[in-house]
Amino acid sequence: MHISSFTTALHQGRGSAFLHLHDFPSDELFDILLDACLHNRRLTVSAKGRAQLGCIP
């Protein structure tokens, strides 16, 4: 897996990033993992979108 693909998968919360680390541990990915731990990269749903889903009364 290319580093940019790994970073994207990690930030999107996909399991492929974890599986890659499990199969191919690497010190090169330490800074990427540290950044992911320190910064919340999750996509958020707008309040309007949540209201449409019935999450906001």
# chains A, B, ... in the order shown; residues from 1 in each chain; ligands from 1

$ residues_around --residues "Ser5 of chain A" --least-positions-apart "6" --cutoff "12 Å" --atoms "only C-alpha atoms" --output "ChimeraX atom specification"
/A:11-12,14,16-17,20,29,32

$ select_by_dssp --residues "segment 14-44 of chain A" --states "helix (DSSP H, G or I)" --output "list in words"
Gly15, Ser16, Ala17, Phe18, Leu19, His20, Leu21, His22, Asp23, Asp27, Glu28, Leu29, Phe30, Asp31, Ile32, Leu33, Leu34, Asp35, Ala36, Cys37 and Leu38 of chain A

$ atom_distance --atom1 "atom CA of Leu38 of chain A" --atom2 "atom CA of His2 of chain A"
22.0 Å

$ atom_distance --atom1 "atom CA of Met1 of chain A" --atom2 "atom CA of Asp31 of chain A"
16.4 Å
